[in-house]
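Text of entry_21.cif (mmCIF, N, CA and C atoms) as supplied:
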data_query
#
loop_
_atom_site.label_atom_id
_atom_site.label_comp_id
_atom_site.auth_asym_id
_atom_site.auth_seq_id
_atom_site.Cartn_x
_atom_site.Cartn_y
_atom_site.Cartn_z
N MET A 1 150.49 70.90 76.74
CA MET A 1 150.03 69.80 77.56
C MET A 1 150.89 69.72 78.81
N ASN A 2 150.25 69.65 79.95
CA ASN A 2 150.94 69.50 81.22
C ASN A 2 151.45 68.06 81.36
N ARG A 3 152.26 67.82 82.37
CA ARG A 3 152.76 66.47 82.61
C ARG A 3 152.54 66.09 84.07
N ILE A 4 152.14 64.84 84.27
CA ILE A 4 151.98 64.29 85.61
C ILE A 4 153.33 63.77 86.05
N PHE A 5 153.81 64.24 87.20
CA PHE A 5 155.13 63.87 87.72
C PHE A 5 156.23 64.12 86.71
N GLY A 6 155.99 65.06 85.79
CA GLY A 6 156.99 65.40 84.79
C GLY A 6 157.16 64.35 83.70
N LEU A 7 156.35 63.30 83.72
CA LEU A 7 156.50 62.20 82.76
C LEU A 7 155.31 62.03 81.82
N LEU A 8 154.17 61.77 82.40
CA LEU A 8 152.99 61.48 81.60
C LEU A 8 152.28 62.77 81.19
N PRO A 9 151.92 62.86 79.91
CA PRO A 9 151.21 64.07 79.49
C PRO A 9 149.81 64.12 80.10
N LYS A 10 149.40 65.32 80.46
CA LYS A 10 148.08 65.56 81.04
C LYS A 10 147.44 66.69 80.24
N PRO A 11 146.16 66.56 79.87
CA PRO A 11 145.53 67.62 79.08
C PRO A 11 145.43 68.93 79.84
N SER A 12 145.34 70.00 79.08
CA SER A 12 145.20 71.33 79.66
C SER A 12 143.88 71.43 80.42
N PRO A 13 143.84 72.23 81.48
CA PRO A 13 142.59 72.38 82.24
C PRO A 13 141.54 73.16 81.45
N LEU A 14 140.30 73.03 81.89
CA LEU A 14 139.20 73.75 81.27
C LEU A 14 139.42 75.25 81.39
N ARG A 15 139.18 75.96 80.31
CA ARG A 15 139.25 77.42 80.30
C ARG A 15 137.91 77.97 79.81
N PRO A 16 137.56 79.18 80.19
CA PRO A 16 136.27 79.74 79.74
C PRO A 16 136.12 79.77 78.21
N GLU A 17 137.21 79.97 77.51
CA GLU A 17 137.21 79.89 76.05
C GLU A 17 138.26 78.87 75.66
N SER A 18 137.82 77.80 75.00
CA SER A 18 138.74 76.73 74.63
C SER A 18 138.85 76.63 73.12
N ARG A 19 140.03 76.28 72.68
CA ARG A 19 140.23 76.01 71.26
C ARG A 19 139.78 74.57 70.99
N VAL A 20 139.48 74.28 69.74
CA VAL A 20 139.09 72.91 69.40
C VAL A 20 140.22 71.93 69.76
N TYR A 21 141.46 72.39 69.69
CA TYR A 21 142.60 71.54 70.01
C TYR A 21 142.61 71.17 71.50
N ASP A 22 142.17 72.09 72.36
CA ASP A 22 142.10 71.81 73.80
C ASP A 22 141.07 70.71 74.07
N LEU A 23 139.90 70.83 73.43
CA LEU A 23 138.86 69.82 73.61
C LEU A 23 139.32 68.47 73.05
N LYS A 24 139.90 68.48 71.88
CA LYS A 24 140.37 67.22 71.27
C LYS A 24 141.43 66.56 72.13
N GLU A 25 142.29 67.35 72.73
CA GLU A 25 143.33 66.83 73.63
C GLU A 25 142.68 66.09 74.80
N ARG A 26 141.64 66.68 75.37
CA ARG A 26 140.94 66.02 76.49
C ARG A 26 140.25 64.75 76.04
N LEU A 27 139.65 64.77 74.86
CA LEU A 27 138.99 63.58 74.36
C LEU A 27 140.00 62.47 74.08
N ASP A 28 141.12 62.83 73.49
CA ASP A 28 142.17 61.85 73.20
C ASP A 28 142.76 61.26 74.47
N TRP A 29 142.81 62.06 75.53
CA TRP A 29 143.32 61.61 76.81
C TRP A 29 142.37 60.57 77.41
N GLY A 30 141.12 60.61 76.98
CA GLY A 30 140.13 59.67 77.50
C GLY A 30 139.47 60.14 78.76
N GLU A 31 139.41 61.44 78.93
CA GLU A 31 138.83 62.02 80.13
C GLU A 31 137.31 62.06 79.99
N PRO A 32 136.59 61.22 80.72
CA PRO A 32 135.15 61.10 80.51
C PRO A 32 134.30 62.16 81.20
N ALA A 33 134.83 62.92 82.09
CA ALA A 33 134.02 63.84 82.89
C ALA A 33 133.75 65.16 82.18
N LEU A 34 133.26 65.07 80.95
CA LEU A 34 132.90 66.28 80.22
C LEU A 34 131.74 65.98 79.30
N THR A 35 131.03 67.04 78.95
CA THR A 35 129.92 66.93 78.00
C THR A 35 130.06 68.04 76.99
N ILE A 36 129.88 67.69 75.72
CA ILE A 36 129.92 68.66 74.63
C ILE A 36 128.48 68.93 74.22
N ILE A 37 128.08 70.20 74.27
CA ILE A 37 126.69 70.56 73.99
C ILE A 37 126.62 71.48 72.78
N ASP A 38 125.87 71.05 71.79
CA ASP A 38 125.61 71.83 70.59
C ASP A 38 124.27 72.53 70.81
N VAL A 39 124.29 73.86 70.90
CA VAL A 39 123.06 74.60 71.19
C VAL A 39 122.40 75.16 69.93
N ARG A 40 122.88 74.75 68.77
CA ARG A 40 122.24 75.16 67.51
C ARG A 40 120.92 74.41 67.36
N ASP A 41 120.12 74.79 66.37
CA ASP A 41 118.86 74.08 66.18
C ASP A 41 119.13 72.66 65.66
N ARG A 42 118.14 71.82 65.77
CA ARG A 42 118.30 70.39 65.44
C ARG A 42 118.69 70.16 63.98
N ALA A 43 118.19 71.00 63.07
CA ALA A 43 118.53 70.84 61.66
C ALA A 43 120.04 71.02 61.45
N ASP A 44 120.61 72.04 62.07
CA ASP A 44 122.06 72.26 61.97
C ASP A 44 122.82 71.11 62.62
N PHE A 45 122.35 70.66 63.77
CA PHE A 45 122.98 69.54 64.47
C PHE A 45 122.98 68.30 63.58
N ASN A 46 121.84 68.01 62.95
CA ASN A 46 121.74 66.83 62.10
C ASN A 46 122.68 66.90 60.89
N GLN A 47 122.89 68.10 60.36
CA GLN A 47 123.77 68.25 59.20
C GLN A 47 125.21 67.92 59.53
N SER A 48 125.66 68.32 60.72
CA SER A 48 127.04 68.07 61.11
C SER A 48 127.27 68.58 62.52
N HIS A 49 127.90 67.75 63.34
CA HIS A 49 128.23 68.17 64.71
C HIS A 49 129.49 67.47 65.17
N ILE A 50 130.11 68.02 66.20
CA ILE A 50 131.31 67.44 66.78
C ILE A 50 130.97 66.04 67.28
N THR A 51 131.80 65.08 66.94
CA THR A 51 131.57 63.70 67.35
C THR A 51 131.45 63.63 68.87
N GLY A 52 130.36 63.05 69.32
CA GLY A 52 130.10 62.91 70.75
C GLY A 52 129.27 64.02 71.36
N ALA A 53 129.00 65.07 70.59
CA ALA A 53 128.20 66.18 71.11
C ALA A 53 126.74 65.75 71.24
N ILE A 54 126.05 66.41 72.17
CA ILE A 54 124.61 66.19 72.29
C ILE A 54 123.90 67.47 71.85
N SER A 55 122.70 67.30 71.33
CA SER A 55 121.91 68.44 70.87
C SER A 55 121.01 68.90 72.00
N MET A 56 121.20 70.15 72.40
CA MET A 56 120.32 70.80 73.37
C MET A 56 120.13 72.23 72.88
N PRO A 57 119.18 72.43 71.96
CA PRO A 57 118.96 73.78 71.43
C PRO A 57 118.79 74.79 72.55
N VAL A 58 119.24 75.99 72.29
CA VAL A 58 119.29 77.03 73.31
C VAL A 58 117.93 77.28 73.96
N ASP A 59 116.85 77.11 73.21
CA ASP A 59 115.52 77.38 73.76
C ASP A 59 115.09 76.34 74.79
N THR A 60 115.73 75.17 74.82
CA THR A 60 115.38 74.14 75.80
C THR A 60 116.50 73.89 76.81
N LEU A 61 117.68 74.37 76.53
CA LEU A 61 118.84 74.06 77.37
C LEU A 61 118.66 74.49 78.82
N MET A 62 118.26 75.71 79.05
CA MET A 62 118.20 76.22 80.41
C MET A 62 117.16 75.46 81.24
N ALA A 63 116.10 75.02 80.60
CA ALA A 63 115.05 74.30 81.32
C ALA A 63 115.48 72.88 81.68
N THR A 64 116.37 72.29 80.89
CA THR A 64 116.75 70.90 81.12
C THR A 64 118.14 70.71 81.72
N ALA A 65 119.00 71.70 81.65
CA ALA A 65 120.39 71.53 82.09
C ALA A 65 120.48 71.10 83.55
N SER A 66 119.71 71.71 84.42
CA SER A 66 119.81 71.37 85.84
C SER A 66 119.36 69.94 86.13
N ASN A 67 118.50 69.39 85.28
CA ASN A 67 118.05 68.01 85.45
C ASN A 67 119.03 67.01 84.83
N CYS A 68 119.87 67.47 83.93
CA CYS A 68 120.74 66.56 83.18
C CYS A 68 122.19 66.55 83.67
N PHE A 69 122.66 67.64 84.24
CA PHE A 69 124.07 67.75 84.56
C PHE A 69 124.30 68.21 85.99
N GLU A 70 125.38 67.71 86.59
CA GLU A 70 125.81 68.24 87.88
C GLU A 70 126.44 69.61 87.62
N VAL A 71 126.32 70.51 88.58
CA VAL A 71 126.82 71.88 88.38
C VAL A 71 128.34 71.93 88.29
N THR A 72 129.03 70.86 88.69
CA THR A 72 130.49 70.83 88.62
C THR A 72 130.99 70.07 87.39
N ARG A 73 130.11 69.61 86.54
CA ARG A 73 130.50 68.88 85.32
C ARG A 73 131.14 69.86 84.34
N ASP A 74 132.17 69.42 83.64
CA ASP A 74 132.80 70.24 82.60
C ASP A 74 131.89 70.23 81.37
N LEU A 75 131.39 71.41 81.01
CA LEU A 75 130.51 71.56 79.85
C LEU A 75 131.21 72.38 78.78
N TYR A 76 131.26 71.86 77.58
CA TYR A 76 131.80 72.57 76.43
C TYR A 76 130.63 72.91 75.53
N ILE A 77 130.42 74.20 75.29
CA ILE A 77 129.28 74.72 74.54
C ILE A 77 129.76 75.26 73.20
N TYR A 78 129.00 74.96 72.14
CA TYR A 78 129.26 75.65 70.88
C TYR A 78 127.95 75.93 70.16
N SER A 79 128.00 76.94 69.29
CA SER A 79 126.83 77.38 68.54
C SER A 79 127.28 77.81 67.15
N ASN A 80 126.42 78.54 66.45
CA ASN A 80 126.80 79.05 65.13
C ASN A 80 127.85 80.15 65.23
N THR A 81 127.81 80.91 66.33
CA THR A 81 128.80 81.97 66.53
C THR A 81 129.33 81.89 67.96
N ASP A 82 130.53 82.41 68.15
CA ASP A 82 131.10 82.44 69.50
C ASP A 82 130.29 83.34 70.42
N ASP A 83 129.70 84.41 69.87
CA ASP A 83 128.87 85.30 70.69
C ASP A 83 127.66 84.58 71.26
N GLU A 84 127.01 83.75 70.42
CA GLU A 84 125.86 82.97 70.90
C GLU A 84 126.30 81.98 71.97
N ALA A 85 127.40 81.30 71.74
CA ALA A 85 127.92 80.32 72.71
C ALA A 85 128.28 81.02 74.02
N THR A 86 128.88 82.19 73.93
CA THR A 86 129.26 82.95 75.13
C THR A 86 128.03 83.34 75.93
N ALA A 87 126.98 83.77 75.26
CA ALA A 87 125.74 84.16 75.95
C ALA A 87 125.14 82.96 76.69
N VAL A 88 125.14 81.80 76.06
CA VAL A 88 124.62 80.59 76.69
C VAL A 88 125.49 80.21 77.89
N ALA A 89 126.80 80.26 77.70
CA ALA A 89 127.73 79.92 78.79
C ALA A 89 127.51 80.85 79.99
N GLU A 90 127.30 82.12 79.74
CA GLU A 90 127.05 83.07 80.83
C GLU A 90 125.75 82.76 81.55
N GLN A 91 124.73 82.36 80.82
CA GLN A 91 123.46 81.97 81.45
C GLN A 91 123.65 80.74 82.33
N LEU A 92 124.40 79.76 81.84
CA LEU A 92 124.66 78.57 82.64
C LEU A 92 125.43 78.91 83.91
N ARG A 93 126.44 79.76 83.77
CA ARG A 93 127.22 80.17 84.95
C ARG A 93 126.33 80.90 85.96
N ALA A 94 125.42 81.72 85.46
CA ALA A 94 124.52 82.48 86.34
C ALA A 94 123.57 81.57 87.11
N THR A 95 123.30 80.39 86.57
CA THR A 95 122.41 79.45 87.26
C THR A 95 123.18 78.45 88.11
N GLY A 96 124.50 78.65 88.25
CA GLY A 96 125.27 77.83 89.17
C GLY A 96 126.26 76.86 88.59
N PHE A 97 126.28 76.73 87.27
CA PHE A 97 127.26 75.83 86.65
C PHE A 97 128.63 76.50 86.70
N SER A 98 129.58 75.83 87.31
CA SER A 98 130.87 76.46 87.57
C SER A 98 131.95 76.12 86.54
N ARG A 99 131.74 75.10 85.71
CA ARG A 99 132.79 74.66 84.80
C ARG A 99 132.25 74.63 83.37
N VAL A 100 132.13 75.81 82.78
CA VAL A 100 131.56 75.96 81.45
C VAL A 100 132.58 76.64 80.54
N ALA A 101 132.77 76.07 79.36
CA ALA A 101 133.68 76.64 78.36
C ALA A 101 132.96 76.72 77.03
N ILE A 102 133.32 77.70 76.24
CA ILE A 102 132.84 77.70 74.86
C ILE A 102 133.95 77.12 73.99
N VAL A 103 133.54 76.46 72.92
CA VAL A 103 134.49 75.93 71.94
C VAL A 103 134.55 76.97 70.83
N ARG A 104 135.65 77.73 70.81
CA ARG A 104 135.79 78.82 69.83
C ARG A 104 135.75 78.26 68.41
N GLY A 105 134.90 78.88 67.60
CA GLY A 105 134.78 78.48 66.20
C GLY A 105 133.80 77.36 65.96
N GLY A 106 133.36 76.69 67.03
CA GLY A 106 132.35 75.65 66.93
C GLY A 106 132.70 74.54 65.95
N VAL A 107 131.66 74.02 65.32
CA VAL A 107 131.85 72.87 64.43
C VAL A 107 132.68 73.24 63.20
N ALA A 108 132.63 74.49 62.77
CA ALA A 108 133.43 74.91 61.61
C ALA A 108 134.92 74.81 61.92
N ALA A 109 135.33 75.25 63.11
CA ALA A 109 136.73 75.15 63.51
C ALA A 109 137.13 73.69 63.71
N TRP A 110 136.21 72.90 64.25
CA TRP A 110 136.46 71.47 64.45
C TRP A 110 136.74 70.79 63.12
N LYS A 111 135.89 71.09 62.12
CA LYS A 111 136.09 70.52 60.77
C LYS A 111 137.38 71.02 60.15
N ALA A 112 137.66 72.31 60.29
CA ALA A 112 138.86 72.90 59.71
C ALA A 112 140.13 72.24 60.26
N ALA A 113 140.07 71.79 61.50
CA ALA A 113 141.21 71.13 62.12
C ALA A 113 141.31 69.66 61.68
N GLY A 114 140.30 69.19 60.95
CA GLY A 114 140.32 67.81 60.46
C GLY A 114 139.84 66.79 61.48
N PHE A 115 139.13 67.25 62.51
CA PHE A 115 138.63 66.36 63.54
C PHE A 115 137.30 65.75 63.08
N PRO A 116 136.93 64.57 63.63
CA PRO A 116 135.74 63.88 63.15
C PRO A 116 134.43 64.55 63.52
N VAL A 117 133.50 64.50 62.60
CA VAL A 117 132.15 65.02 62.82
C VAL A 117 131.15 63.88 62.56
N GLU A 118 129.97 64.06 63.09
CA GLU A 118 128.89 63.10 62.86
C GLU A 118 127.78 63.79 62.09
N VAL A 119 127.09 63.01 61.30
CA VAL A 119 125.94 63.48 60.53
C VAL A 119 124.78 62.53 60.84
N ILE A 120 123.61 63.09 61.04
CA ILE A 120 122.42 62.27 61.30
C ILE A 120 121.54 62.33 60.06
N THR A 121 121.30 61.17 59.49
CA THR A 121 120.51 61.14 58.26
C THR A 121 119.02 61.01 58.54
N SER A 122 118.65 60.43 59.67
CA SER A 122 117.25 60.40 60.04
C SER A 122 117.04 61.39 61.17
N PRO A 123 116.00 62.20 61.09
CA PRO A 123 115.81 63.27 62.09
C PRO A 123 115.62 62.74 63.50
N ILE A 124 116.14 63.50 64.46
CA ILE A 124 115.94 63.22 65.88
C ILE A 124 114.72 64.01 66.32
N ALA A 125 113.84 63.37 67.02
CA ALA A 125 112.63 64.04 67.49
C ALA A 125 112.94 65.01 68.61
#
As structure tokens, how would this structure be written, given the file I've shared?
Amino acid sequence: MNRIFGLLPKPSPLRPESRVYDLKERLDWGEPALTIIDVRDRADFNQSHITGAISMPVDTLMATASNCFEVTRDLYIYSNTDDEATAVAEQLRATGFSRVAIVRGGVAAWKAAGFPVEVITSPIA
């Protein structure tokens, strides 16, 4: 963790590949200028997802991302595998999004670290 004026802790900057600890550090800092996107299908999202993540399955993400996010917004992407998340991140970067990171290990790594997850018991349309 960096420090502001050598005193106050400041979260690490966005990196193309982020650990769950990097994302959690930013969330704990209270930094609101980020969005966590779960690109898995809705059934997987409903079973368990990183607290605060939004569901944008990969088949709809590219069509809606430009309408939902500014190209300079910090986006954290995760999927079932890091390879899938990396492919999505590359597509977003190719369309002009400049601040995209994958969350290595996705929701499994998030759970393994003991961080909170959400479960949806009634399906989202």
Item to check | the PyMOL selection byres ((chain A and resi 37) around 8) applied to the shown file, residues as an MDAnalysis selection string | outcome: chainID A and resid 34:36 38:40 52:57 75:79
Checklist entry - For the atom pair atom CA of Leu14 of chain A and atom CA of Val100 of chain A, what is the interatomic distance in Å to one decimal place? => result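 So the two atoms, atom CA of Leu14 of chain A and atom CA of Val100 of chain A, lie 8.0 Å apart.
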Those in chain A with helix (DSSP H, G or I) from DSSP, as a compact mmCIF listing (two decimals) with N, CA and C atoms, keeping the file's coordinate frame:
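To be explicit, this is the file written out as result03.txt:
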# COMPACT_ATOMS: atom_id res chain seq x y z
N VAL A 20 139.48 74.28 69.74
CA VAL A 20 139.09 72.91 69.40
C VAL A 20 140.22 71.93 69.76
N TYR A 21 141.46 72.39 69.69
CA TYR A 21 142.60 71.54 70.01
C TYR A 21 142.61 71.17 71.50
N ASP A 22 142.17 72.09 72.36
CA ASP A 22 142.10 71.81 73.80
C ASP A 22 141.07 70.71 74.07
N LEU A 23 139.90 70.83 73.43
CA LEU A 23 138.86 69.82 73.61
C LEU A 23 139.32 68.47 73.05
N LYS A 24 139.90 68.48 71.88
CA LYS A 24 140.37 67.22 71.27
C LYS A 24 141.43 66.56 72.13
N GLU A 25 142.29 67.35 72.73
CA GLU A 25 143.33 66.83 73.63
C GLU A 25 142.68 66.09 74.80
N ARG A 26 141.64 66.68 75.37
CA ARG A 26 140.94 66.02 76.49
C ARG A 26 140.25 64.75 76.04
N LEU A 27 139.65 64.77 74.86
CA LEU A 27 138.99 63.58 74.36
C LEU A 27 140.00 62.47 74.08
N ASP A 28 141.12 62.83 73.49
CA ASP A 28 142.17 61.85 73.20
C ASP A 28 142.76 61.26 74.47
N TRP A 29 142.81 62.06 75.53
CA TRP A 29 143.32 61.61 76.81
C TRP A 29 142.37 60.57 77.41
N ARG A 42 118.14 71.82 65.77
CA ARG A 42 118.30 70.39 65.44
C ARG A 42 118.69 70.16 63.98
N ALA A 43 118.19 71.00 63.07
CA ALA A 43 118.53 70.84 61.66
C ALA A 43 120.04 71.02 61.45
N ASP A 44 120.61 72.04 62.07
CA ASP A 44 122.06 72.26 61.97
C ASP A 44 122.82 71.11 62.62
N PHE A 45 122.35 70.66 63.77
CA PHE A 45 122.98 69.54 64.47
C PHE A 45 122.98 68.30 63.58
N ASN A 46 121.84 68.01 62.95
CA ASN A 46 121.74 66.83 62.10
C ASN A 46 122.68 66.90 60.89
N GLN A 47 122.89 68.10 60.36
CA GLN A 47 123.77 68.25 59.20
C GLN A 47 125.21 67.92 59.53
N VAL A 58 119.24 75.99 72.29
CA VAL A 58 119.29 77.03 73.31
C VAL A 58 117.93 77.28 73.96
N ASP A 59 116.85 77.11 73.21
CA ASP A 59 115.52 77.38 73.76
C ASP A 59 115.09 76.34 74.79
N THR A 60 115.73 75.17 74.82
CA THR A 60 115.38 74.14 75.80
C THR A 60 116.50 73.89 76.81
N LEU A 61 117.68 74.37 76.53
CA LEU A 61 118.84 74.06 77.37
C LEU A 61 118.66 74.49 78.82
N MET A 62 118.26 75.71 79.05
CA MET A 62 118.20 76.22 80.41
C MET A 62 117.16 75.46 81.24
N ALA A 63 116.10 75.02 80.60
CA ALA A 63 115.05 74.30 81.32
C ALA A 63 115.48 72.88 81.68
N THR A 64 116.37 72.29 80.89
CA THR A 64 116.75 70.90 81.12
C THR A 64 118.14 70.71 81.72
N ALA A 65 119.00 71.70 81.65
CA ALA A 65 120.39 71.53 82.09
C ALA A 65 120.48 71.10 83.55
N SER A 66 119.71 71.71 84.42
CA SER A 66 119.81 71.37 85.84
C SER A 66 119.36 69.94 86.13
N ASN A 67 118.50 69.39 85.28
CA ASN A 67 118.05 68.01 85.45
C ASN A 67 119.03 67.01 84.83
N CYS A 68 119.87 67.47 83.93
CA CYS A 68 120.74 66.56 83.18
C CYS A 68 122.19 66.55 83.67
N ASP A 82 130.53 82.41 68.15
CA ASP A 82 131.10 82.44 69.50
C ASP A 82 130.29 83.34 70.42
N ASP A 83 129.70 84.41 69.87
CA ASP A 83 128.87 85.30 70.69
C ASP A 83 127.66 84.58 71.26
N GLU A 84 127.01 83.75 70.42
CA GLU A 84 125.86 82.97 70.90
C GLU A 84 126.30 81.98 71.97
N ALA A 85 127.40 81.30 71.74
CA ALA A 85 127.92 80.32 72.71
C ALA A 85 128.28 81.02 74.02
N THR A 86 128.88 82.19 73.93
CA THR A 86 129.26 82.95 75.13
C THR A 86 128.03 83.34 75.93
N ALA A 87 126.98 83.77 75.26
CA ALA A 87 125.74 84.16 75.95
C ALA A 87 125.14 82.96 76.69
N VAL A 88 125.14 81.80 76.06
CA VAL A 88 124.62 80.59 76.69
C VAL A 88 125.49 80.21 77.89
N ALA A 89 126.80 80.26 77.70
CA ALA A 89 127.73 79.92 78.79
C ALA A 89 127.51 80.85 79.99
N GLU A 90 127.30 82.12 79.74
CA GLU A 90 127.05 83.07 80.83
C GLU A 90 125.75 82.76 81.55
N GLN A 91 124.73 82.36 80.82
CA GLN A 91 123.46 81.97 81.45
C GLN A 91 123.65 80.74 82.33
N LEU A 92 124.40 79.76 81.84
CA LEU A 92 124.66 78.57 82.64
C LEU A 92 125.43 78.91 83.91
N ARG A 93 126.44 79.76 83.77
CA ARG A 93 127.22 80.17 84.95
C ARG A 93 126.33 80.90 85.96
N ALA A 94 125.42 81.72 85.46
CA ALA A 94 124.52 82.48 86.34
C ALA A 94 123.57 81.57 87.11
N GLY A 106 133.36 76.69 67.03
CA GLY A 106 132.35 75.65 66.93
C GLY A 106 132.70 74.54 65.95
N VAL A 107 131.66 74.02 65.32
CA VAL A 107 131.85 72.87 64.43
C VAL A 107 132.68 73.24 63.20
N ALA A 108 132.63 74.49 62.77
CA ALA A 108 133.43 74.91 61.61
C ALA A 108 134.92 74.81 61.92
N ALA A 109 135.33 75.25 63.11
CA ALA A 109 136.73 75.15 63.51
C ALA A 109 137.13 73.69 63.71
N TRP A 110 136.21 72.90 64.25
CA TRP A 110 136.46 71.47 64.45
C TRP A 110 136.74 70.79 63.12
N LYS A 111 135.89 71.09 62.12
CA LYS A 111 136.09 70.52 60.77
C LYS A 111 137.38 71.02 60.15
N ALA A 112 137.66 72.31 60.29
CA ALA A 112 138.86 72.90 59.71
C ALA A 112 140.13 72.24 60.26
Contact table segment 79-108 of chain A vs segment 18-30 of chain A, cut-off 6 Å, shortest pair per residue, all atoms listed in the file, as a Markdown table:
| residue | atom | partner | partner_atom | distance |
| --- | --- | --- | --- | --- |
| A:Ala101 | C | A:Ser18 | N | 5.4 |
| A:Ile102 | C | A:Ser18 | N | 4.1 |
| A:Val103 | CA | A:Ser18 | C | 4.6 |
| A:Arg104 | N | A:Ser18 | C | 4.1 |
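Among A:Ala43, A:Glu17, A:Pro11, A:Ser48, the residue with the shortest atom-to-atom distance to Glu118 of chain A, counting all atoms listed in the file, is A:Ser48.
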Next on the checklist: Could you list, as a ChimeraX atom specification, every residue within 8 Å of Phe115 of chain A, counting all atoms listed in the file and ignoring same-chain residues fewer than 3 positions away?
Outcome noted: /A:24,50-51,109-112,118
Name the residues of chain A that fall into strand (DSSP E) according to DSSP on the backbone, using the chain letters and numbers of this document, as a short mmCIF file (atom, residue, chain, number, x, y, z; two decimals) with N, CA and C atoms, in the coordinates of the input.
data_model
loop_
_atom_site.label_atom_id
_atom_site.label_comp_id
_atom_site.auth_asym_id
_atom_site.auth_seq_id
_atom_site.Cartn_x
_atom_site.Cartn_y
_atom_site.Cartn_z
N ASN A 2 150.25 69.65 79.95
CA ASN A 2 150.94 69.50 81.22
C ASN A 2 151.45 68.06 81.36
N ARG A 3 152.26 67.82 82.37
CA ARG A 3 152.76 66.47 82.61
C ARG A 3 152.54 66.09 84.07
N ILE A 4 152.14 64.84 84.27
CA ILE A 4 151.98 64.29 85.61
C ILE A 4 153.33 63.77 86.05
N LEU A 8 154.17 61.77 82.40
CA LEU A 8 152.99 61.48 81.60
C LEU A 8 152.28 62.77 81.19
N PRO A 9 151.92 62.86 79.91
CA PRO A 9 151.21 64.07 79.49
C PRO A 9 149.81 64.12 80.10
N LYS A 10 149.40 65.32 80.46
CA LYS A 10 148.08 65.56 81.04
C LYS A 10 147.44 66.69 80.24
N GLU A 17 137.21 79.97 77.51
CA GLU A 17 137.21 79.89 76.05
C GLU A 17 138.26 78.87 75.66
N SER A 18 137.82 77.80 75.00
CA SER A 18 138.74 76.73 74.63
C SER A 18 138.85 76.63 73.12
N LEU A 34 133.26 65.07 80.95
CA LEU A 34 132.90 66.28 80.22
C LEU A 34 131.74 65.98 79.30
N THR A 35 131.03 67.04 78.95
CA THR A 35 129.92 66.93 78.00
C THR A 35 130.06 68.04 76.99
N ILE A 36 129.88 67.69 75.72
CA ILE A 36 129.92 68.66 74.63
C ILE A 36 128.48 68.93 74.22
N ILE A 37 128.08 70.20 74.27
CA ILE A 37 126.69 70.56 73.99
C ILE A 37 126.62 71.48 72.78
N ASP A 38 125.87 71.05 71.79
CA ASP A 38 125.61 71.83 70.59
C ASP A 38 124.27 72.53 70.81
N HIS A 49 127.90 67.75 63.34
CA HIS A 49 128.23 68.17 64.71
C HIS A 49 129.49 67.47 65.17
N ILE A 50 130.11 68.02 66.20
CA ILE A 50 131.31 67.44 66.78
C ILE A 50 130.97 66.04 67.28
N ILE A 54 126.05 66.41 72.17
CA ILE A 54 124.61 66.19 72.29
C ILE A 54 123.90 67.47 71.85
N SER A 55 122.70 67.30 71.33
CA SER A 55 121.91 68.44 70.87
C SER A 55 121.01 68.90 72.00
N ASP A 74 132.17 69.42 83.64
CA ASP A 74 132.80 70.24 82.60
C ASP A 74 131.89 70.23 81.37
N LEU A 75 131.39 71.41 81.01
CA LEU A 75 130.51 71.56 79.85
C LEU A 75 131.21 72.38 78.78
N TYR A 76 131.26 71.86 77.58
CA TYR A 76 131.80 72.57 76.43
C TYR A 76 130.63 72.91 75.53
N ILE A 77 130.42 74.20 75.29
CA ILE A 77 129.28 74.72 74.54
C ILE A 77 129.76 75.26 73.20
N TYR A 78 129.00 74.96 72.14
CA TYR A 78 129.26 75.65 70.88
C TYR A 78 127.95 75.93 70.16
N VAL A 100 132.13 75.81 82.78
CA VAL A 100 131.56 75.96 81.45
C VAL A 100 132.58 76.64 80.54
N ALA A 101 132.77 76.07 79.36
CA ALA A 101 133.68 76.64 78.36
C ALA A 101 132.96 76.72 77.03
N ILE A 102 133.32 77.70 76.24
CA ILE A 102 132.84 77.70 74.86
C ILE A 102 133.95 77.12 73.99
N VAL A 103 133.54 76.46 72.92
CA VAL A 103 134.49 75.93 71.94
C VAL A 103 134.55 76.97 70.83
N VAL A 117 133.50 64.50 62.60
CA VAL A 117 132.15 65.02 62.82
C VAL A 117 131.15 63.88 62.56
N GLU A 118 129.97 64.06 63.09
CA GLU A 118 128.89 63.10 62.86
C GLU A 118 127.78 63.79 62.09
#
I'd like the contact shell of segment 93-97 of chain A - 8 Å cut-off, all atoms listed in the file, skipping same-chain residues fewer than 6 positions apart - returned as a CSV table (one decimal) with N, CA and C atoms, keeping the file's coordinate frame.
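This went into out_30.csv:
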chain,number,residue,atom,x,y,z
A,70,GLU,N,125.4,67.7,86.6
A,70,GLU,CA,125.8,68.2,87.9
A,70,GLU,C,126.4,69.6,87.6
A,71,VAL,N,126.3,70.5,88.6
A,71,VAL,CA,126.8,71.9,88.4
A,71,VAL,C,128.3,71.9,88.3
A,72,THR,N,129.0,70.9,88.7
A,72,THR,CA,130.5,70.8,88.6
A,72,THR,C,131.0,70.1,87.4
A,73,ARG,N,130.1,69.6,86.5
A,73,ARG,CA,130.5,68.9,85.3
A,73,ARG,C,131.1,69.9,84.3
A,87,ALA,N,127.0,83.8,75.3
A,87,ALA,CA,125.7,84.2,76.0
A,87,ALA,C,125.1,83.0,76.7
Checklist outcome for this item: Separating atom C of Gly105 of chain A from atom N of Asp82 of chain A, to the nearest tenth of an Å, is a gap of 6.4 Å
Checklist entry - If you measure from atom CA of Asp44 of chain A to atom C of Val88 of chain A, what distance in Å do you get, rounded to one decimal? => result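 If I compute the distance from atom CA of Asp44 of chain A to atom C of Val88 of chain A, I get 18.1 Å.
The closest residue to Ala108 of chain A, picked from A:Thr86, A:Gln47, A:Thr121, A:Asn67 and counting only C-alpha atoms, is A:Gln47.
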